[in-house]
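Chemist: My structure is in input_1.txt, and what it holds is compact mmCIF, C-alpha atoms:
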```
# COMPACT_ATOMS: atom_id res chain seq x y z
CA MET A 1 68.96 123.58 121.75
CA LEU A 2 70.61 124.10 118.38
CA ASP A 3 68.48 124.54 115.31
CA GLY A 4 69.42 125.62 111.82
CA ASP A 5 69.12 129.34 112.49
CA SER A 6 71.07 129.29 115.73
CA LEU A 7 73.74 127.07 114.23
CA ARG A 8 74.13 129.34 111.20
CA ASP A 9 74.29 132.48 113.35
CA THR A 10 76.80 130.92 115.72
CA LEU A 11 79.06 129.84 112.89
CA LEU A 12 78.84 133.31 111.37
CA ASP A 13 79.77 134.89 114.70
CA CYS A 14 82.74 132.53 114.89
CA GLY A 15 84.00 133.67 111.50
CA VAL A 16 83.23 130.44 109.65
CA THR A 17 83.33 131.10 105.90
CA HIS A 18 82.09 127.82 104.43
CA ILE A 19 79.83 124.94 105.42
CA VAL A 20 80.59 121.66 103.65
CA TRP A 21 77.49 119.60 104.00
CA ILE A 22 75.86 116.24 103.47
CA PRO A 23 72.48 116.27 105.22
CA ASP A 24 71.01 113.53 107.34
CA GLY A 25 67.51 113.04 108.66
CA SER A 26 68.00 115.65 111.37
CA THR A 27 70.31 118.27 109.89
CA GLY A 28 68.35 118.12 106.63
CA ALA A 29 65.80 120.35 108.33
CA TRP A 30 68.45 123.09 108.40
CA ASP A 31 68.48 123.44 104.63
CA THR A 32 66.65 126.76 104.54
CA ALA A 33 68.84 128.25 107.26
CA LEU A 34 72.12 127.03 105.81
CA SER A 35 71.31 128.05 102.25
CA SER A 36 70.10 131.54 103.13
CA PRO A 37 72.11 134.42 101.66
CA SER A 38 73.37 135.44 105.08
CA ALA A 39 74.84 132.02 105.83
CA PRO A 40 78.45 131.01 105.26
CA THR A 41 78.94 129.73 101.74
CA LEU A 42 77.24 126.33 101.53
CA ILE A 43 79.00 123.60 99.58
CA ARG A 44 76.96 120.48 98.99
CA VAL A 45 79.22 117.51 98.33
CA CYS A 46 78.49 113.95 97.24
CA ARG A 47 80.50 111.88 99.69
CA GLU A 48 81.85 112.36 103.19
CA GLY A 49 85.46 111.65 102.25
CA GLU A 50 85.12 114.36 99.65
CA ALA A 51 83.86 116.72 102.36
CA PHE A 52 87.20 116.40 104.15
CA ALA A 53 89.07 117.09 100.91
CA VAL A 54 87.01 120.20 100.19
CA ALA A 55 87.42 121.46 103.75
CA ALA A 56 91.15 120.79 103.56
CA GLY A 57 91.45 122.81 100.38
CA LEU A 58 89.55 125.68 101.94
CA LEU A 59 91.79 125.61 105.01
CA LEU A 60 94.87 125.61 102.82
CA GLY A 61 93.44 128.62 101.03
CA GLY A 62 93.03 130.52 104.28
CA LYS A 63 89.28 130.00 104.73
CA LYS A 64 87.44 128.72 107.80
CA PRO A 65 85.24 125.78 106.84
CA VAL A 66 83.06 123.54 108.97
CA ILE A 67 81.87 120.11 107.87
CA ILE A 68 78.41 118.78 108.69
CA MET A 69 77.67 115.09 108.11
CA GLN A 70 76.26 112.01 109.80
CA CYS A 71 78.32 109.53 111.78
CA THR A 72 77.81 106.72 109.28
CA GLY A 73 79.36 108.89 106.59
CA LEU A 74 82.17 109.76 108.95
CA PHE A 75 82.92 106.07 109.32
CA GLU A 76 83.32 105.76 105.57
CA ALA A 77 85.44 108.90 105.40
CA GLY A 78 88.03 107.43 107.76
CA ASP A 79 90.96 107.37 105.38
CA SER A 80 90.24 110.90 104.24
CA LEU A 81 90.09 112.05 107.86
CA ARG A 82 93.32 110.25 108.67
CA SER A 83 95.14 111.78 105.76
CA PHE A 84 94.02 115.38 106.19
CA ILE A 85 93.96 115.59 109.98
CA HIS A 86 96.97 113.47 110.85
CA ASP A 87 99.27 113.41 107.83
CA LEU A 88 98.63 116.98 106.69
CA GLN A 89 97.94 118.30 110.20
CA LEU A 90 94.89 120.30 109.18
CA PRO A 91 92.60 121.39 112.04
CA ILE A 92 89.30 120.33 110.49
CA PHE A 93 86.14 121.01 112.48
CA ALA A 94 83.21 118.66 111.94
CA LEU A 95 79.66 118.57 113.25
CA VAL A 96 78.50 114.97 113.10
CA GLY A 97 74.96 113.73 113.51
CA LEU A 98 74.91 110.88 116.03
CA ARG A 99 72.13 108.75 114.62
CA ASN A 100 69.76 107.04 117.07
CA TYR A 101 71.78 108.13 120.09
CA TYR A 102 68.72 108.62 122.28
CA ALA A 103 66.85 105.54 121.08
CA TYR A 104 69.93 103.37 121.53
CA GLY A 105 70.45 104.73 125.03
CA LYS A 106 66.94 103.69 125.95
CA GLY A 107 67.37 100.24 124.45
CA GLN A 108 64.87 101.09 121.73
CA SER A 109 67.18 100.75 118.74
CA ARG A 110 69.43 98.01 117.41
CA ASP A 111 71.25 100.49 115.19
CA SER A 112 74.98 99.92 115.75
CA ALA A 113 75.97 103.42 114.60
CA PRO A 114 75.71 105.06 118.04
CA ARG A 115 77.50 102.08 119.57
CA PHE A 116 80.66 102.63 117.55
CA ALA A 117 80.74 106.38 116.90
CA ALA A 118 82.64 107.58 119.95
CA SER A 119 85.01 104.60 119.92
CA ILE A 120 85.92 105.16 116.30
CA VAL A 121 86.60 108.87 116.67
CA ARG A 122 88.61 108.12 119.80
CA ALA A 123 90.65 105.59 117.84
CA TRP A 124 91.29 108.24 115.20
CA GLN A 125 92.60 110.44 118.01
CA VAL A 126 90.33 113.35 117.23
CA PRO A 127 88.96 115.29 120.22
CA PHE A 128 85.19 115.08 120.42
CA VAL A 129 82.23 116.17 122.50
CA ILE A 130 78.61 115.08 122.40
CA PHE A 131 76.00 117.82 122.22
CA GLU A 132 72.65 116.73 123.57
CA LYS A 133 69.34 118.59 123.43
CA SER A 134 70.41 120.86 126.25
CA SER A 135 73.44 122.14 124.33
CA ALA A 136 73.15 125.72 123.16
CA ARG A 137 74.87 127.99 120.68
CA GLU A 138 77.19 129.26 123.41
CA ASP A 139 78.51 125.72 123.84
CA LEU A 140 79.21 125.42 120.13
CA ALA A 141 80.92 128.81 120.04
CA GLN A 142 83.08 127.82 122.98
CA VAL A 143 84.13 124.48 121.49
CA TYR A 144 84.82 126.02 118.09
CA THR A 145 86.82 128.92 119.51
CA ARG A 146 88.91 126.60 121.66
CA ALA A 147 89.68 124.31 118.72
CA VAL A 148 90.73 127.27 116.56
CA GLU A 149 92.89 128.73 119.32
CA GLN A 150 94.61 125.42 119.84
CA LYS A 151 94.85 124.80 116.09
CA ARG A 152 93.53 121.28 116.42
CA PRO A 153 90.75 119.23 114.84
CA GLN A 154 87.45 118.74 116.59
CA VAL A 155 84.37 116.58 116.19
CA VAL A 156 81.11 117.69 117.75
CA PHE A 157 78.57 114.90 117.81
CA LEU A 158 74.99 116.10 117.59
CA ALA A 159 72.85 113.58 119.42
CA GLU A 160 69.85 112.51 117.35
CA MET B 1 89.31 111.79 92.86
CA ASN B 2 85.95 110.08 92.96
CA LEU B 3 83.42 110.67 90.23
CA GLY B 4 81.02 112.42 92.57
CA THR B 5 83.53 115.23 92.79
CA LEU B 6 82.66 116.16 89.22
CA VAL B 7 79.08 116.77 90.35
CA THR B 8 80.30 118.86 93.28
CA ILE B 9 82.40 120.98 90.92
CA GLY B 10 79.54 121.30 88.46
CA SER B 11 77.22 122.39 91.25
CA ASN B 12 79.66 124.81 92.86
CA PRO B 13 81.29 126.60 89.92
CA ALA B 14 84.67 127.84 91.03
CA ASN B 15 87.84 128.96 89.35
CA LEU B 16 89.11 125.43 89.28
CA PHE B 17 90.91 123.54 86.51
CA VAL B 18 90.86 119.77 86.79
CA VAL B 19 93.56 118.08 84.72
CA VAL B 20 93.23 114.29 84.55
CA LEU B 21 96.39 112.49 83.46
CA ASP B 22 94.92 109.16 82.38
CA ASN B 23 97.48 106.46 81.72
CA GLY B 24 94.90 103.71 82.20
CA ILE B 25 96.80 101.84 84.88
CA TYR B 26 97.72 101.73 88.54
CA GLU B 27 101.35 102.54 87.97
CA ILE B 28 102.84 102.08 91.43
CA THR B 29 101.19 98.71 92.04
CA GLY B 30 102.53 97.08 88.91
CA GLY B 31 100.48 98.33 86.00
CA GLN B 32 97.08 96.74 86.56
CA PRO B 33 94.37 98.41 84.46
CA THR B 34 92.15 100.93 86.20
CA ALA B 35 88.42 100.21 86.28
CA GLY B 36 86.97 100.93 82.87
CA SER B 37 90.38 101.59 81.40
CA GLY B 38 90.08 102.55 77.75
CA ARG B 39 86.29 102.54 77.86
CA VAL B 40 85.28 105.32 80.26
CA ASP B 41 84.54 108.67 78.65
CA TYR B 42 85.74 111.10 81.32
CA ALA B 43 84.93 114.09 79.14
CA GLY B 44 81.35 112.87 78.80
CA LEU B 45 81.12 112.35 82.55
CA ALA B 46 82.35 115.89 83.20
CA ARG B 47 79.83 117.37 80.76
CA ALA B 48 77.03 115.32 82.24
CA ALA B 49 78.00 116.63 85.68
CA GLY B 50 77.45 120.19 84.52
CA ILE B 51 80.98 121.31 83.69
CA GLU B 52 80.74 123.27 80.45
CA ARG B 53 84.38 123.73 79.52
CA VAL B 54 85.65 120.23 78.78
CA TYR B 55 88.68 119.25 76.72
CA ALA B 56 90.15 115.89 75.78
CA PHE B 57 93.50 115.26 74.12
CA ASP B 58 95.27 112.08 73.13
CA ALA B 59 98.05 113.55 70.99
CA PRO B 60 100.84 115.77 72.35
CA THR B 61 100.62 118.08 69.35
CA ASP B 62 96.90 118.70 69.87
CA TRP B 63 97.49 119.43 73.54
CA ARG B 64 100.32 121.84 72.78
CA ASN B 65 98.19 123.68 70.26
CA ALA B 66 95.15 123.98 72.49
CA ALA B 67 96.66 124.23 75.97
CA ALA B 68 96.65 128.03 76.05
CA GLU B 69 92.94 128.12 75.26
CA ALA B 70 92.09 125.32 77.68
CA LEU B 71 93.92 126.98 80.55
CA ALA B 72 92.75 130.52 79.79
CA GLY B 73 89.86 132.33 81.43
CA SER B 74 88.04 131.18 84.49
CA GLY B 75 87.02 127.74 85.59
CA PRO B 76 85.59 125.34 86.15
CA ALA B 77 87.23 123.47 83.32
CA PHE B 78 88.01 119.80 82.88
CA ILE B 79 90.99 118.64 80.84
CA TRP B 80 91.46 114.97 80.08
CA LEU B 81 94.93 114.06 78.89
CA LYS B 82 95.25 110.50 77.68
CA VAL B 83 98.90 109.69 78.25
CA GLU B 84 101.13 106.65 77.82
CA ALA B 85 101.87 104.46 80.79
CA ARG B 86 105.52 104.69 81.81
CA PHE B 87 107.18 102.87 84.65
CA GLY B 88 110.05 103.84 86.87
CA GLN B 89 109.11 107.49 87.33
CA LYS B 90 110.26 109.29 90.46
CA ALA B 91 107.73 109.66 93.24
CA PRO B 92 106.08 113.05 93.46
CA ARG B 93 107.43 115.74 95.74
CA PRO B 94 106.60 115.02 99.44
CA MET B 95 103.11 116.19 100.34
CA ALA B 96 104.29 118.53 103.11
CA ASP B 97 106.52 120.31 100.61
CA GLN B 98 103.68 120.51 98.08
CA ILE B 99 101.43 122.08 100.71
CA ARG B 100 104.08 124.59 101.72
CA ARG B 101 104.56 125.64 98.11
CA LEU B 102 100.81 125.84 97.50
CA ARG B 103 100.22 128.03 100.54
CA GLN B 104 103.16 130.19 99.54
CA ALA B 105 101.70 130.62 96.06
CA LEU B 106 98.31 131.49 97.54
CA GLN B 107 100.00 133.87 100.01
CA VAL B 108 98.27 132.19 102.92
CA LYS B 109 99.92 133.12 106.21
CA ASN B 110 97.81 131.49 108.92
```
Starting from the coordinates I provided, produce the structure as structure tokens.

Modeler:
Amino acid sequence: MLDGDSLRDTLLDCGVTHIVWIPDGSTGAWDTALSSPSAPTLIRVCREGEAFAVAAGLLLGGKKPVIIMQCTGLFEAGDSLRSFIHDLQLPIFALVGLRNYYAYGKGQSRDSAPRFAASIVRAWQVPFVIFEKSSAREDLAQVYTRAVEQKRPQVVFLAE
Amino acid sequence: MNLGTLVTIGSNPANLFVVVLDNGIYEITGGQPTAGSGRVDYAGLARAAGIERVYAFDAPTDWRNAAAEALAGSGPAFIWLKVEARFGQKAPRPMADQIRRLRQALQVKN
């Protein structure tokens, strides 16, 4: 299972230089790990669409950024995603909290966010995977490495 | 740019110069006024967001006289140029070309 420390260490091993972050209820617990001196440079942004712009600028400058945000913010960032990933062809890598995934699956939540997340990212034609509790740092390293090798964008949903 | 970006820049000081060309209108859609046109103090917003080097100019002579200072040293810096609205300008260079030139200038190879 990924936690802040394992996520940070995995991203470091993968050569990630910057984390562009808007926390949610789950990834907010990673604050200490992500802001530690040994972590990739942490950039806290105000809005999710802005996160794509910052990541795009870093990519254009030869850096290796990763975005972390929640799926609801990703929905709002749609036009930014479309522009940078499809028009500018930038291989942006995003870790996206999938709010209420487990509760929705058990019929215990009426939150519509998990209902639409995969469909929306599929419509945006961005490859995605869903990491559940059993996913480990090796899985993240593998997905990241493959995306970099193939020079394509990638969304990794983190089931919450 | 959204206003939150000013906070991001103020919180992550980088060698970045933001130059706002404010003509007060949406030019390509027919000249409708932008929200808060003529009333919003962008320099004040930048300062309040934590950007220390802030400049505002509404006269070409003032800008010419102070441009060297405003663009010198390291960022972040915010420069607000209040300019006249003019119609019929050529569209900017295609984005793909802009990106190629930017990456070339930054000597980015990957």

Chemist: Taking only C-alpha atoms into account, which of A:Ala147, A:Ile22, A:Leu98, A:Val16 comes nearest Ile130 in chain A?

Modeler: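 Of A:Ala147, A:Ile22, A:Leu98, A:Val16, the one nearest Ile130 in chain A, counting only C-alpha atoms, is A:Leu98.
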
Chemist: Which residue is closest to Arg146 in chain A? Choose from A:Pro91, A:Thr41, A:Thr32, A:Phe75 and count all atoms listed in the file.

Modeler: A:Pro91

Chemist: Rounded to one decimal in Å, what is the spacing between CA of Ala77 in chain B and CA of Ser38 in chain A?

Modeler: 28.4 Å

Chemist: Please check the contacts: residues of chain B at most 7 Å away from chain A, using all atoms listed in the file, listed as a list in words.

Modeler: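 Therefore, the residues near the partner are Gly4, Thr5, Thr8, Asn12, Ala96, Arg103, Leu106, Val108 and Asn110 of chain B.
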
Chemist: Interatomic distance between CA of Leu6 in chain B and CA of Gly50 in chain B?

Modeler: 8.1 Å

Chemist: Measure the distance from CA of Asp3 in chain A to CA of Leu34 in chain A in Å and round it to one decimal.

Modeler: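 Going from CA of Asp3 in chain A over to CA of Leu34 in chain A covers 10.5 Å.
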
Chemist: Could you give me, as a PyMOL selection string, the residues that sit within 7 Å of (84.0, 126.9, 115.1) in the file's coordinates, counting all atoms listed in the file?

Modeler: chain A and resi 11+14+16+93+141+143-145+148

Chemist: Contacts of range 53-69 of chain B at 10 Å or less, counting all atoms listed in the file, minus same-chain residues fewer than 3 places along, as number ranges by chain?

Modeler: B: 17-20, 22, 41-47, 50, 72-84

Chemist: Would you be able to write out as a list in words which residues have an atom within 12 Å of (75.4, 127.4, 124.0) in the file's coordinates, counting all atoms listed in the file?

Modeler: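 Nearby residues: Met1, Leu2, Asp3, Ser6, Leu7, Asp9, Thr10, Leu11, Phe131, Glu132, Lys133, Ser134, Ser135, Ala136, Arg137, Glu138, Asp139, Leu140, Ala141, Gln142, Val143 and Tyr144 of chain A.
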
Chemist: I'd like to know which of B:Lys109, B:Ala48, B:Gln98, B:Phe87 is closest to Ile28 in chain B, using all atoms listed in the file.

Modeler: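 Of B:Lys109, B:Ala48, B:Gln98, B:Phe87, the one nearest Ile28 in chain B is B:Phe87, counting all atoms listed in the file.
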
Chemist: Nearest residue to Ser37 in chain B out of B:Ile99, B:Ile51, B:Leu71, B:Ala85, using all atoms listed in the file?

Modeler: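 When distances to Ser37 in chain B are compared using all atoms listed in the file, the smallest one comes from B:Ala85.
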